[in-house]
Structure formats: C-alpha cells, structure tokens
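Novice: Below is the structure I would like to discuss, written out as structure tokens.
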Amino acid sequence: MSRRTRRNHSPAFKAKVALAALKGEQTLAELAHLYEVHPTQVTSWKAQLLEGASGLFGSGSRAKESAPAVDLKTLHAKIGELTLENDFLAGALGKAGLLSARR
C-alpha cells in the first residue's frame with residue numbers, strides 16, 4: 001500500500017473550508033469527504049478562523065505595532081535618578097535610626 005504524499009493547502013482553500021464549516025449547512029464528515037481532508041483538520045481550520053476574525057475588525061496586532069517606540073536613554077536616566085534618590089534616603093534614614101540595617 002502506497003502512502004499519500006503530504007499536501008499543502010493554500011490559505012484560500014483553508015478559508016473556504018472553514019467558512020463552509022462555520023455556516024453549518026453540512027456536517028463535518030460531509031465537508032471532510034467533499035474537500036478530501038480529515039474532519040479534525042476542518043475543525044482546526046474553523047477554530048483558527050474564529051480566533052483570527054477579531055483581528056480583522058479590531059485593533060489587534062496593528063495597534064501594538066503602531067505604539068510609539070520607547071526611548072531607552074530616558075528610561076535609563078530615570079532609573080539612575082530613582083536609584084540615587086533611594087540610596088540617599090536609605091542613608092539619611094539609616095543615620096537617623098529609622099531604617100533597620102537589613103542591607
């Protein structure tokens with residue numbers, strides 16, 4: 001018995017099958033037989049379609065990409081400033097006896 005070669009389906013074909021499954025006019029077994037794919041594959045493509053559909057209309061990945069770039073120099077400067085303040089306050093409170101010597 002010869003094995004069937006692995007098939008690569010186009011995104012258009014997957015969308016066609018997933019939309020047909022989403023319509024619900026035919027059972028998964030009927031769709032699988034009609035398009036010559038496994039019923040599990042039809043279910044998988046349907047789930048992928050439902051997950052990805054919100055990205056078409058919402059502010060999905062495009063909104064994340066359009067976020068302004070973070071200026072690392074400014075953030076590093078702020079971190080340095082806050083570290084300096086913490087060290088100064090820890091020293092002042094330690095001298096006053098208000099900070100326990102856990103460090």
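Every chain in the structure tokens has a letter given in the order shown (A, B, ...), and although residue numbers restart at 1 in each chain, ligands are simply numbered from 1 in the order shown.
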Determine, counting only C-alpha atoms, which protein, DNA and RNA residues have an atom within 8 Å of an atom of region 7-22 of chain A; residues of the same chain fewer than 6 positions away are not included. Present the result as a list in words.
Specialist: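 Once the nearby chain positions are removed, what remains is Leu28, Leu31, Tyr35, Val42, Thr43, Trp45, Lys46 and Leu49 of chain A.
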